[in-house]
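The next block holds one structure in the form of C-alpha cells; read it before the comments.
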Amino acid sequence: MKTFAALAIIASAISLAVAADSKIVLPPETAALRPGTGAELAQANCMICHSVDYIKTQPPMPRKFWEAEVKKMREKYAAPTPDNTVIALVEYLTATYGVPDPKKP
Ligand code: HEC
C-alpha cells in the first residue's frame, strides 16, 4: 500500500510538471502581403474574406490570371472591390505574386 501511495505521489508530481510545461505557443503571424505599390489596396480589398495564403500559395502566374482572379472574386464571390481599384490591384498582384508577360517579339 505504501508503494502505491508513493507511486501515486510521483505520478501526480510528474503530471503537474507536464501540465506546467504544456503552454501552447502560437507561431508569430507571418502571413502578410508583400510590400509594394498597391499593397494597402490589396490589404483593404482582398483580406476581408480570406487570408493572404490564398494569394501567396498561387504559383507565379501572368497578368491574365490575376485579372481573372480579381474578376472572379468580384463576380462569383461578390467581393466589394470598387471598379476603379481593379487595375491597380492587378498590377500589384502581377508585380508581386506573378510573372511579367512574355515580351512580344
Ligand atoms: C467577398 C469575399 C472575398 C473577397 C473580398 C476576396 N476573395 Fe478571394 N476568395 C474568396 C472565396 C470564397 C474563395 C474560394 C475559397 C475556396 O475555394 O475555398 C477565394 C479564393 C481566392 C484565391 C484562391 C484561388 C481561387 O480562385 O479559388 C485567390 C488567389 C484569391 N481568392 C484572391 C483574392 C484577391 C486578389 C482578392 C482581392 C481583389 C480577393 N481574393 C478578395 C472570397 C473573397
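The way I read the labels, and the way they are meant: chains A, B, ... in the order of the C-alpha cells, residue 1 as the first residue of every chain, and ligand 1 as the first ligand shown, with later ones counted on from there.
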
Worksheet item: Would you name the residues within 6 Å of ligand 1, counting only C-alpha atoms and all ligand atoms, and put them as a list in words?
Response: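 What falls inside 6 Å of ligand 1 is Ala42, Asn45, Cys46, Ile48, Cys49, Tyr54, Ile55, Glu69, Val70, Met73, Tyr77, Ala78 and Ala79 of chain A.
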
Could those selected residues go to a file with N, CA and C atoms, as a PDB file, in the first residue's frame?
```
ATOM      1  N   ALA A  42      -4.673  46.131 -51.704  1.00  0.00           N
ATOM      2  CA  ALA A  42      -4.931  44.692 -51.625  1.00  0.00           C
ATOM      3  C   ALA A  42      -5.297  44.305 -50.191  1.00  0.00           C
ATOM      4  N   ASN A  45      -8.877  45.340 -49.763  1.00  0.00           N
ATOM      5  CA  ASN A  45      -9.898  44.708 -50.599  1.00  0.00           C
ATOM      6  C   ASN A  45      -9.861  43.191 -50.613  1.00  0.00           C
ATOM      7  N   CYS A  46      -8.700  42.632 -50.365  1.00  0.00           N
ATOM      8  CA  CYS A  46      -8.579  41.186 -50.545  1.00  0.00           C
ATOM      9  C   CYS A  46      -8.511  40.421 -49.237  1.00  0.00           C
ATOM     10  N   ILE A  48     -10.550  40.810 -46.698  1.00  0.00           N
ATOM     11  CA  ILE A  48     -11.823  40.861 -45.974  1.00  0.00           C
ATOM     12  C   ILE A  48     -12.333  39.447 -45.727  1.00  0.00           C
ATOM     13  N   CYS A  49     -12.161  38.590 -46.739  1.00  0.00           N
ATOM     14  CA  CYS A  49     -12.798  37.269 -46.652  1.00  0.00           C
ATOM     15  C   CYS A  49     -11.816  36.157 -46.320  1.00  0.00           C
ATOM     16  N   TYR A  54      -4.220  32.471 -49.629  1.00  0.00           N
ATOM     17  CA  TYR A  54      -4.852  32.176 -50.914  1.00  0.00           C
ATOM     18  C   TYR A  54      -4.093  32.829 -52.053  1.00  0.00           C
ATOM     19  N   ILE A  55      -3.514  33.975 -51.771  1.00  0.00           N
ATOM     20  CA  ILE A  55      -2.777  34.698 -52.802  1.00  0.00           C
ATOM     21  C   ILE A  55      -1.352  34.163 -52.894  1.00  0.00           C
ATOM     22  N   GLU A  69      -8.641  36.343 -61.630  1.00  0.00           N
ATOM     23  CA  GLU A  69      -8.824  36.107 -60.190  1.00  0.00           C
ATOM     24  C   GLU A  69      -9.642  37.252 -59.551  1.00  0.00           C
ATOM     25  N   VAL A  70      -9.234  38.470 -59.856  1.00  0.00           N
ATOM     26  CA  VAL A  70      -9.944  39.629 -59.283  1.00  0.00           C
ATOM     27  C   VAL A  70     -11.386  39.659 -59.812  1.00  0.00           C
ATOM     28  N   MET A  73     -13.353  37.027 -57.943  1.00  0.00           N
ATOM     29  CA  MET A  73     -13.674  37.452 -56.572  1.00  0.00           C
ATOM     30  C   MET A  73     -14.866  38.399 -56.586  1.00  0.00           C
ATOM     31  N   TYR A  77     -17.827  35.759 -56.053  1.00  0.00           N
ATOM     32  CA  TYR A  77     -17.856  35.776 -54.588  1.00  0.00           C
ATOM     33  C   TYR A  77     -18.309  37.119 -54.026  1.00  0.00           C
ATOM     34  N   ALA A  78     -18.745  38.008 -54.927  1.00  0.00           N
ATOM     35  CA  ALA A  78     -19.298  39.298 -54.515  1.00  0.00           C
ATOM     36  C   ALA A  78     -18.353  40.140 -53.670  1.00  0.00           C
ATOM     37  N   ALA A  79     -17.074  40.114 -54.020  1.00  0.00           N
ATOM     38  CA  ALA A  79     -16.119  40.992 -53.328  1.00  0.00           C
ATOM     39  C   ALA A  79     -16.491  42.441 -53.637  1.00  0.00           C
TER      40      ALA A  79
END
```

Item to complete: Quick one: everything within 9 Å of segment 39-41 of chain A, counting only C-alpha atoms, minus sequence neighbours fewer than 2 positions away in the same chain. Send it as a PyMOL selection string.
Response: chain A and resi 33-37+43-46+85+88-89+92-93

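The shell of residues at most 12 Å from Ala68 of chain A, with only C-alpha atoms counted and near chain neighbours (fewer than 5 positions) removed, consists of Met61, Pro62, Arg63, Met73, Arg74, Glu75, Lys76, Val86, Ile87, Leu89, Val90, Leu93 and Thr94 of chain A.
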
Item to complete: Mind the document's chain letters and residue numbers, and return as a PyMOL selection string the residues of chain A that DSSP labels alpha helix (DSSP H).
Response: chain A and resi 2-21+39-46+53-56+63-75+86-97

Discussion item. Between atom CA of Pro82 of chain A and atom CA of His50 of chain A, what is the distance in Å, rounded to a tenth?
Written reply: 17.8 Å

Discussion item. Would you compute the distance between atom CA of Met47 of chain A and atom CA of Leu26 of chain A? Give it in Å to one decimal.
Written reply: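 Computed distance, atom CA of Met47 of chain A to atom CA of Leu26 of chain A, equals 21.0 Å.
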
Worksheet item: In Å, how far is it from atom CA of Lys56 of chain A to atom CA of Thr96 of chain A?
Response: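 It comes out at 9.4 Å.
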